[in-house]
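K.L.:
The following file, run38.txt, comprises compact mmCIF, N, CA and C atoms:
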```
# COMPACT_ATOMS: atom_id res chain seq x y z
N TRP A 1 -84.86 -64.75 271.42
CA TRP A 1 -85.01 -65.94 270.62
C TRP A 1 -84.52 -65.73 269.19
N LYS A 2 -84.60 -64.48 268.71
CA LYS A 2 -84.13 -64.20 267.36
C LYS A 2 -82.63 -64.42 267.26
N SER A 3 -81.90 -63.99 268.28
CA SER A 3 -80.44 -64.19 268.28
C SER A 3 -80.09 -65.67 268.32
N PHE A 4 -80.83 -66.42 269.12
CA PHE A 4 -80.59 -67.85 269.21
C PHE A 4 -80.87 -68.53 267.87
N GLY A 5 -81.94 -68.14 267.20
CA GLY A 5 -82.26 -68.71 265.89
C GLY A 5 -81.22 -68.38 264.84
N ALA A 6 -80.73 -67.14 264.86
CA ALA A 6 -79.68 -66.75 263.91
C ALA A 6 -78.39 -67.50 264.19
N LEU A 7 -78.05 -67.64 265.46
CA LEU A 7 -76.84 -68.39 265.82
C LEU A 7 -76.95 -69.86 265.42
N LEU A 8 -78.12 -70.44 265.63
CA LEU A 8 -78.34 -71.82 265.24
C LEU A 8 -78.21 -72.00 263.73
N LEU A 9 -78.76 -71.06 262.98
CA LEU A 9 -78.65 -71.12 261.52
C LEU A 9 -77.19 -71.04 261.07
N ILE A 10 -76.42 -70.15 261.69
CA ILE A 10 -75.01 -70.02 261.34
C ILE A 10 -74.25 -71.30 261.66
N TRP A 11 -74.54 -71.91 262.80
CA TRP A 11 -73.85 -73.15 263.16
C TRP A 11 -74.23 -74.29 262.22
N VAL A 12 -75.46 -74.33 261.76
CA VAL A 12 -75.86 -75.35 260.80
C VAL A 12 -75.11 -75.17 259.48
N VAL A 13 -74.99 -73.93 259.04
CA VAL A 13 -74.25 -73.66 257.80
C VAL A 13 -72.79 -74.05 257.95
N ILE A 14 -72.18 -73.70 259.08
CA ILE A 14 -70.77 -74.07 259.32
C ILE A 14 -70.61 -75.58 259.36
N TYR A 15 -71.51 -76.26 260.05
CA TYR A 15 -71.43 -77.72 260.13
C TYR A 15 -71.58 -78.34 258.74
N THR A 16 -72.50 -77.82 257.95
CA THR A 16 -72.70 -78.35 256.60
C THR A 16 -71.47 -78.15 255.75
N CYS A 17 -70.83 -77.00 255.88
CA CYS A 17 -69.61 -76.73 255.12
C CYS A 17 -68.50 -77.70 255.50
N ILE A 18 -68.35 -77.93 256.78
CA ILE A 18 -67.29 -78.84 257.24
C ILE A 18 -67.62 -80.28 256.88
N PHE A 19 -68.87 -80.66 257.03
CA PHE A 19 -69.27 -82.04 256.78
C PHE A 19 -69.19 -82.40 255.30
N LYS A 20 -69.67 -81.54 254.44
CA LYS A 20 -69.71 -81.83 253.00
C LYS A 20 -68.38 -81.53 252.31
N GLY A 21 -67.55 -80.67 252.90
CA GLY A 21 -66.25 -80.37 252.29
C GLY A 21 -66.32 -79.23 251.30
N ILE A 22 -65.39 -79.24 250.38
CA ILE A 22 -65.20 -78.13 249.46
C ILE A 22 -66.36 -77.95 248.49
N ARG A 23 -67.09 -78.99 248.20
CA ARG A 23 -68.16 -78.89 247.21
C ARG A 23 -69.27 -77.94 247.65
N ILE A 24 -69.62 -77.97 248.91
CA ILE A 24 -70.73 -77.14 249.40
C ILE A 24 -70.30 -75.70 249.66
N VAL A 25 -68.99 -75.50 249.88
CA VAL A 25 -68.51 -74.16 250.21
C VAL A 25 -68.78 -73.19 249.05
N SER A 26 -68.66 -73.66 247.83
CA SER A 26 -68.91 -72.77 246.69
C SER A 26 -70.35 -72.28 246.67
N HIS A 27 -71.27 -73.11 247.08
CA HIS A 27 -72.68 -72.70 247.14
C HIS A 27 -72.92 -71.70 248.27
N VAL A 28 -72.27 -71.92 249.40
CA VAL A 28 -72.42 -71.01 250.54
C VAL A 28 -71.82 -69.65 250.20
N VAL A 29 -70.67 -69.64 249.54
CA VAL A 29 -70.01 -68.38 249.19
C VAL A 29 -70.85 -67.59 248.18
N LYS A 30 -71.53 -68.27 247.28
CA LYS A 30 -72.39 -67.57 246.33
C LYS A 30 -73.46 -66.76 247.04
N VAL A 31 -73.95 -67.26 248.16
CA VAL A 31 -74.99 -66.55 248.91
C VAL A 31 -74.36 -65.50 249.82
N THR A 32 -73.33 -65.88 250.58
CA THR A 32 -72.76 -64.97 251.56
C THR A 32 -71.97 -63.83 250.93
N ALA A 33 -71.56 -63.97 249.69
CA ALA A 33 -70.84 -62.88 249.03
C ALA A 33 -71.77 -61.96 248.26
N THR A 34 -72.86 -62.48 247.75
CA THR A 34 -73.74 -61.64 246.93
C THR A 34 -74.84 -60.94 247.73
N VAL A 35 -75.33 -61.55 248.77
CA VAL A 35 -76.43 -60.95 249.54
C VAL A 35 -76.01 -59.61 250.16
N PRO A 36 -74.84 -59.49 250.82
CA PRO A 36 -74.47 -58.17 251.34
C PRO A 36 -74.33 -57.11 250.24
N LEU A 37 -73.82 -57.50 249.09
CA LEU A 37 -73.69 -56.54 247.99
C LEU A 37 -75.07 -56.10 247.48
N ILE A 38 -76.00 -57.03 247.40
CA ILE A 38 -77.36 -56.68 247.00
C ILE A 38 -77.99 -55.73 248.01
N ILE A 39 -77.76 -55.97 249.30
CA ILE A 39 -78.30 -55.10 250.34
C ILE A 39 -77.69 -53.70 250.23
N ILE A 40 -76.39 -53.60 249.95
CA ILE A 40 -75.75 -52.29 249.81
C ILE A 40 -76.32 -51.55 248.61
N VAL A 41 -76.56 -52.26 247.50
CA VAL A 41 -77.14 -51.62 246.32
C VAL A 41 -78.55 -51.11 246.64
N ILE A 42 -79.33 -51.91 247.34
CA ILE A 42 -80.69 -51.49 247.73
C ILE A 42 -80.62 -50.26 248.63
N LEU A 43 -79.70 -50.26 249.60
CA LEU A 43 -79.54 -49.09 250.48
C LEU A 43 -79.12 -47.85 249.69
N ALA A 44 -78.24 -48.04 248.71
CA ALA A 44 -77.80 -46.90 247.89
C ALA A 44 -78.95 -46.34 247.07
N ILE A 45 -79.77 -47.22 246.52
CA ILE A 45 -80.92 -46.76 245.73
C ILE A 45 -81.94 -46.06 246.63
N MET A 46 -82.24 -46.66 247.78
CA MET A 46 -83.20 -46.04 248.71
C MET A 46 -82.67 -44.71 249.24
N GLY A 47 -81.37 -44.67 249.53
CA GLY A 47 -80.77 -43.44 250.06
C GLY A 47 -80.73 -42.32 249.05
N SER A 48 -80.68 -42.66 247.77
CA SER A 48 -80.62 -41.62 246.74
C SER A 48 -81.91 -40.82 246.66
N PHE A 49 -82.99 -41.36 247.20
CA PHE A 49 -84.27 -40.65 247.21
C PHE A 49 -84.48 -39.83 248.49
N GLN A 50 -83.54 -39.90 249.42
CA GLN A 50 -83.65 -39.15 250.67
C GLN A 50 -83.33 -37.68 250.44
N GLU A 51 -83.89 -36.84 251.27
CA GLU A 51 -83.60 -35.41 251.18
C GLU A 51 -82.15 -35.16 251.60
N GLY A 52 -81.43 -34.43 250.79
CA GLY A 52 -80.03 -34.12 251.08
C GLY A 52 -79.05 -35.18 250.65
N ALA A 53 -79.50 -36.16 249.88
CA ALA A 53 -78.61 -37.23 249.45
C ALA A 53 -77.50 -36.70 248.56
N THR A 54 -77.83 -35.75 247.72
CA THR A 54 -76.81 -35.18 246.83
C THR A 54 -75.71 -34.50 247.62
N ASN A 55 -76.08 -33.77 248.67
CA ASN A 55 -75.07 -33.13 249.51
C ASN A 55 -74.18 -34.16 250.18
N GLY A 56 -74.75 -35.26 250.63
CA GLY A 56 -73.96 -36.31 251.26
C GLY A 56 -72.99 -36.96 250.30
N ILE A 57 -73.45 -37.22 249.08
CA ILE A 57 -72.56 -37.84 248.09
C ILE A 57 -71.44 -36.87 247.71
N LEU A 58 -71.77 -35.60 247.54
CA LEU A 58 -70.75 -34.60 247.22
C LEU A 58 -69.74 -34.47 248.35
N GLU A 59 -70.20 -34.53 249.58
CA GLU A 59 -69.30 -34.47 250.73
C GLU A 59 -68.39 -35.70 250.77
N TYR A 60 -68.95 -36.86 250.49
CA TYR A 60 -68.17 -38.10 250.48
C TYR A 60 -67.08 -38.06 249.40
N LEU A 61 -67.42 -37.53 248.25
CA LEU A 61 -66.46 -37.44 247.17
C LEU A 61 -65.50 -36.27 247.34
N GLY A 62 -65.73 -35.44 248.35
CA GLY A 62 -64.83 -34.34 248.63
C GLY A 62 -65.06 -33.12 247.78
N ILE A 63 -66.22 -33.01 247.16
CA ILE A 63 -66.49 -31.89 246.27
C ILE A 63 -67.01 -30.70 247.06
N GLY A 64 -67.75 -30.91 248.10
CA GLY A 64 -68.24 -29.80 248.91
C GLY A 64 -69.72 -29.90 249.16
N ARG A 65 -70.15 -29.36 250.27
CA ARG A 65 -71.54 -29.49 250.67
C ARG A 65 -72.41 -28.35 250.15
N ASP A 66 -71.87 -27.14 250.08
CA ASP A 66 -72.69 -25.98 249.77
C ASP A 66 -73.15 -25.93 248.32
N THR A 67 -72.22 -26.04 247.43
CA THR A 67 -72.59 -25.96 246.01
C THR A 67 -71.95 -27.11 245.28
N ALA A 68 -72.56 -27.50 244.20
CA ALA A 68 -72.05 -28.60 243.39
C ALA A 68 -71.04 -28.06 242.39
N VAL A 69 -69.82 -27.80 242.88
CA VAL A 69 -68.77 -27.30 241.98
C VAL A 69 -68.24 -28.44 241.13
N SER A 70 -67.73 -28.10 240.00
CA SER A 70 -67.20 -29.14 239.12
C SER A 70 -65.96 -29.76 239.75
N THR A 71 -65.68 -30.97 239.37
CA THR A 71 -64.54 -31.69 239.93
C THR A 71 -63.23 -31.03 239.55
N LEU A 72 -63.13 -30.50 238.36
CA LEU A 72 -61.88 -29.84 237.95
C LEU A 72 -61.61 -28.60 238.81
N THR A 73 -62.61 -27.83 239.11
CA THR A 73 -62.43 -26.67 239.97
C THR A 73 -62.01 -27.11 241.35
N ASN A 74 -62.63 -28.16 241.85
CA ASN A 74 -62.30 -28.67 243.18
C ASN A 74 -60.87 -29.21 243.21
N LEU A 75 -60.44 -29.88 242.15
CA LEU A 75 -59.09 -30.42 242.11
C LEU A 75 -58.05 -29.31 242.13
N SER A 76 -58.35 -28.20 241.47
CA SER A 76 -57.39 -27.10 241.46
C SER A 76 -57.31 -26.43 242.82
N ASN A 77 -58.37 -26.51 243.63
CA ASN A 77 -58.37 -25.90 244.95
C ASN A 77 -57.92 -26.88 246.05
N SER A 78 -57.62 -28.12 245.68
CA SER A 78 -57.28 -29.13 246.68
C SER A 78 -55.91 -28.88 247.28
N ASN A 79 -55.71 -29.41 248.45
CA ASN A 79 -54.43 -29.30 249.13
C ASN A 79 -53.57 -30.51 248.76
N TRP A 80 -52.81 -30.37 247.68
CA TRP A 80 -52.01 -31.48 247.17
C TRP A 80 -50.79 -31.76 248.05
N ALA A 81 -50.44 -30.85 248.92
CA ALA A 81 -49.29 -31.06 249.81
C ALA A 81 -49.55 -32.22 250.78
N VAL A 82 -50.81 -32.50 251.03
CA VAL A 82 -51.15 -33.60 251.93
C VAL A 82 -50.63 -34.93 251.39
N LEU A 83 -50.59 -35.09 250.07
CA LEU A 83 -50.12 -36.34 249.48
C LEU A 83 -48.63 -36.57 249.71
N GLY A 84 -47.92 -35.54 250.09
CA GLY A 84 -46.50 -35.69 250.39
C GLY A 84 -46.22 -36.16 251.80
N GLN A 85 -47.25 -36.25 252.62
CA GLN A 85 -47.07 -36.67 254.00
C GLN A 85 -47.03 -38.18 254.12
N LYS A 86 -46.08 -38.67 254.87
CA LYS A 86 -45.89 -40.11 255.03
C LYS A 86 -47.08 -40.77 255.75
N ASP A 87 -47.66 -40.07 256.71
CA ASP A 87 -48.75 -40.64 257.51
C ASP A 87 -49.98 -40.97 256.65
N ILE A 88 -50.27 -40.13 255.65
CA ILE A 88 -51.41 -40.37 254.77
C ILE A 88 -51.22 -41.67 254.00
N TRP A 89 -50.03 -41.90 253.48
CA TRP A 89 -49.76 -43.11 252.69
C TRP A 89 -49.76 -44.36 253.56
N ILE A 90 -49.28 -44.22 254.80
CA ILE A 90 -49.30 -45.37 255.72
C ILE A 90 -50.74 -45.76 256.04
N ARG A 91 -51.60 -44.78 256.24
CA ARG A 91 -53.02 -45.07 256.51
C ARG A 91 -53.71 -45.68 255.29
N ALA A 92 -53.38 -45.17 254.10
CA ALA A 92 -53.99 -45.70 252.88
C ALA A 92 -53.56 -47.14 252.64
N ILE A 93 -52.29 -47.44 252.83
CA ILE A 93 -51.81 -48.81 252.64
C ILE A 93 -52.40 -49.74 253.70
N GLY A 94 -52.52 -49.23 254.93
CA GLY A 94 -53.14 -50.03 255.99
C GLY A 94 -54.58 -50.38 255.66
N GLN A 95 -55.32 -49.40 255.13
CA GLN A 95 -56.71 -49.66 254.75
C GLN A 95 -56.78 -50.68 253.62
N ALA A 96 -55.89 -50.56 252.63
CA ALA A 96 -55.90 -51.50 251.51
C ALA A 96 -55.57 -52.91 251.99
N PHE A 97 -54.57 -53.05 252.86
CA PHE A 97 -54.23 -54.38 253.36
C PHE A 97 -55.35 -54.96 254.21
N PHE A 98 -55.98 -54.12 255.03
CA PHE A 98 -57.08 -54.62 255.85
C PHE A 98 -58.25 -55.04 254.97
N SER A 99 -58.59 -54.22 254.00
CA SER A 99 -59.75 -54.50 253.15
C SER A 99 -59.53 -55.74 252.30
N LEU A 100 -58.36 -55.88 251.73
CA LEU A 100 -58.09 -57.03 250.87
C LEU A 100 -57.62 -58.25 251.65
N GLY A 101 -57.05 -58.04 252.82
CA GLY A 101 -56.44 -59.14 253.55
C GLY A 101 -57.36 -59.89 254.47
N LEU A 102 -58.58 -59.41 254.64
CA LEU A 102 -59.52 -60.07 255.53
C LEU A 102 -59.83 -61.47 254.99
N CYS A 103 -59.64 -62.48 255.79
CA CYS A 103 -59.91 -63.89 255.43
C CYS A 103 -58.97 -64.42 254.34
N MET A 104 -57.81 -63.85 254.19
CA MET A 104 -56.90 -64.35 253.16
C MET A 104 -56.39 -65.75 253.46
N GLY A 105 -56.38 -66.15 254.72
CA GLY A 105 -55.97 -67.52 255.04
C GLY A 105 -56.91 -68.54 254.42
N CYS A 106 -58.21 -68.24 254.47
CA CYS A 106 -59.20 -69.14 253.85
C CYS A 106 -59.06 -69.14 252.34
N VAL A 107 -58.82 -67.96 251.77
CA VAL A 107 -58.67 -67.87 250.32
C VAL A 107 -57.46 -68.66 249.86
N THR A 108 -56.37 -68.57 250.61
CA THR A 108 -55.17 -69.33 250.26
C THR A 108 -55.43 -70.83 250.34
N ALA A 109 -56.15 -71.26 251.36
CA ALA A 109 -56.44 -72.69 251.50
C ALA A 109 -57.32 -73.19 250.36
N TYR A 110 -58.35 -72.42 250.02
CA TYR A 110 -59.26 -72.86 248.96
C TYR A 110 -58.68 -72.67 247.57
N SER A 111 -57.67 -71.82 247.44
CA SER A 111 -57.07 -71.62 246.11
C SER A 111 -56.29 -72.84 245.66
N SER A 112 -55.97 -73.73 246.57
CA SER A 112 -55.26 -74.95 246.17
C SER A 112 -56.15 -75.86 245.33
N PHE A 113 -57.44 -75.58 245.30
CA PHE A 113 -58.36 -76.37 244.48
C PHE A 113 -58.54 -75.78 243.08
N ASN A 114 -57.85 -74.68 242.77
CA ASN A 114 -57.92 -74.09 241.44
C ASN A 114 -57.23 -74.99 240.42
N PRO A 115 -57.69 -74.96 239.17
CA PRO A 115 -56.98 -75.72 238.14
C PRO A 115 -55.61 -75.10 237.87
N LYS A 116 -54.72 -75.88 237.30
CA LYS A 116 -53.34 -75.42 237.05
C LYS A 116 -53.28 -74.26 236.07
N ASP A 117 -54.23 -74.16 235.15
CA ASP A 117 -54.20 -73.10 234.15
C ASP A 117 -55.01 -71.87 234.56
N GLN A 118 -55.32 -71.73 235.84
CA GLN A 118 -56.09 -70.58 236.33
C GLN A 118 -55.26 -69.31 236.18
N ASN A 119 -55.86 -68.26 235.65
CA ASN A 119 -55.18 -66.98 235.46
C ASN A 119 -55.27 -66.18 236.76
N ILE A 120 -54.29 -66.37 237.65
CA ILE A 120 -54.35 -65.72 238.97
C ILE A 120 -54.04 -64.23 238.88
N SER A 121 -53.31 -63.80 237.87
CA SER A 121 -53.05 -62.38 237.69
C SER A 121 -54.36 -61.64 237.41
N ARG A 122 -55.17 -62.19 236.52
CA ARG A 122 -56.47 -61.59 236.21
C ARG A 122 -57.38 -61.64 237.42
N ASP A 123 -57.36 -62.74 238.14
CA ASP A 123 -58.20 -62.86 239.34
C ASP A 123 -57.82 -61.84 240.40
N GLY A 124 -56.52 -61.61 240.58
CA GLY A 124 -56.06 -60.63 241.55
C GLY A 124 -56.51 -59.22 241.20
N LYS A 125 -56.41 -58.88 239.92
CA LYS A 125 -56.87 -57.56 239.47
C LYS A 125 -58.38 -57.42 239.66
N LEU A 126 -59.12 -58.48 239.35
CA LEU A 126 -60.57 -58.44 239.51
C LEU A 126 -60.96 -58.29 240.97
N ILE A 127 -60.24 -58.95 241.86
CA ILE A 127 -60.52 -58.84 243.29
C ILE A 127 -60.26 -57.41 243.77
N CYS A 128 -59.16 -56.81 243.34
CA CYS A 128 -58.84 -55.43 243.76
C CYS A 128 -59.87 -54.44 243.24
N ILE A 129 -60.27 -54.57 241.99
CA ILE A 129 -61.26 -53.65 241.42
C ILE A 129 -62.62 -53.85 242.09
N SER A 130 -62.99 -55.10 242.34
CA SER A 130 -64.26 -55.38 243.01
C SER A 130 -64.27 -54.83 244.43
N ASP A 131 -63.15 -54.97 245.14
CA ASP A 131 -63.05 -54.44 246.49
C ASP A 131 -63.19 -52.93 246.49
N PHE A 132 -62.53 -52.25 245.55
CA PHE A 132 -62.64 -50.80 245.45
C PHE A 132 -64.08 -50.38 245.15
N GLY A 133 -64.72 -51.06 244.21
CA GLY A 133 -66.10 -50.72 243.85
C GLY A 133 -67.07 -50.94 245.00
N ALA A 134 -66.90 -52.05 245.72
CA ALA A 134 -67.78 -52.31 246.85
C ALA A 134 -67.57 -51.28 247.96
N SER A 135 -66.33 -50.90 248.21
CA SER A 135 -66.05 -49.89 249.24
C SER A 135 -66.64 -48.53 248.84
N LEU A 136 -66.49 -48.17 247.57
CA LEU A 136 -67.04 -46.91 247.09
C LEU A 136 -68.57 -46.90 247.20
N LEU A 137 -69.20 -47.98 246.79
CA LEU A 137 -70.66 -48.08 246.87
C LEU A 137 -71.14 -48.06 248.31
N ALA A 138 -70.43 -48.73 249.20
CA ALA A 138 -70.82 -48.72 250.63
C ALA A 138 -70.68 -47.33 251.21
N GLY A 139 -69.62 -46.61 250.85
CA GLY A 139 -69.45 -45.25 251.34
C GLY A 139 -70.54 -44.32 250.84
N ILE A 140 -70.88 -44.46 249.58
CA ILE A 140 -71.95 -43.63 249.01
C ILE A 140 -73.27 -43.93 249.69
N SER A 141 -73.56 -45.20 249.94
CA SER A 141 -74.84 -45.56 250.55
C SER A 141 -74.93 -45.06 251.99
N VAL A 142 -73.80 -44.94 252.67
CA VAL A 142 -73.81 -44.42 254.05
C VAL A 142 -73.94 -42.90 254.04
N TYR A 143 -73.18 -42.23 253.18
CA TYR A 143 -73.16 -40.76 253.19
C TYR A 143 -74.44 -40.13 252.66
N GLU A 144 -75.19 -40.85 251.83
CA GLU A 144 -76.41 -40.23 251.33
C GLU A 144 -77.56 -40.34 252.31
N MET A 145 -77.41 -41.10 253.37
CA MET A 145 -78.46 -41.19 254.39
C MET A 145 -78.35 -39.96 255.23
```
Let me see the structure of the file written as structure tokens.

P.N.:
Amino acid sequence: WKSFGALLLIWVVIYTCIFKGIRIVSHVVKVTATVPLIIIVILAIMGSFQEGATNGILEYLGIGRDTAVSTLTNLSNSNWAVLGQKDIWIRAIGQAFFSLGLCMGCVTAYSSFNPKDQNISRDGKLICISDFGASLLAGISVYEM
């Protein structure tokens, strides 16, 4: 019954968005975009109090599990030859396109409602930085558990 209730709630929200048009979508996006981020922040805070959280964060950042070596020491010991491999860059670009490109059709459709003087260059940079920050925070919250 819980699944049915959740599905019914989602269908009501979708119907309301379609019925009311663009005006209600901004209110729905305010909830659906901020609630997952709030949950990730809560998970990151709760995870930071878990035993071994520091080791998980250090492992995620690539610093090492055994000892907390400084980042400069770790950078000097890194395998920089990996950055010369084509496969690494293809995977990185694929991840960036997937992360930023999800639902871009909807964003393009709703962007037609922007005012003519909207600074889209600034908005694009803000979206990229926000996406990077959210991905970093999500990774930290997973690795510290």

K.L.:
Going by DSSP on the backbone, which residues of chain A come out as alpha helix (DSSP H)? List them as a count of residues only.

P.N.:
109

K.L.:
Mind giving me the straight-line distance from atom C of Ala44 of chain A to atom N of Ile140 of chain A in Å, one decimal?

P.N.:
8.7 Å

K.L.:
Could you state the separation of atom CA of Trp11 of chain A and atom CA of Ser26 of chain A in Å, given to one decimal place?

P.N.:
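Rounded to one decimal, the two atoms are 17.2 Å apart.
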
K.L.:
To one decimal in Å, tell me the separation between atom CA of Ile120 of chain A and atom N of Gly101 of chain A.

P.N.:
16.1 Å

K.L.:
So which one's closest to Leu43 of chain A, A:Ser141, A:Ser135, A:Asn55, A:Thr16? Using all atoms listed in the file, please.

P.N.:
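Closest to Leu43 of chain A, using all atoms listed in the file: A:Ser141.
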
K.L.:
Using only N, CA and C atoms, which of the listed residues (A:Cys17, A:Glu59, A:Lys2, A:Ile127) sits closest to Leu100 of chain A?

P.N.:
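Between A:Cys17, A:Glu59, A:Lys2, A:Ile127, the residue approaching Leu100 of chain A most closely is A:Ile127.
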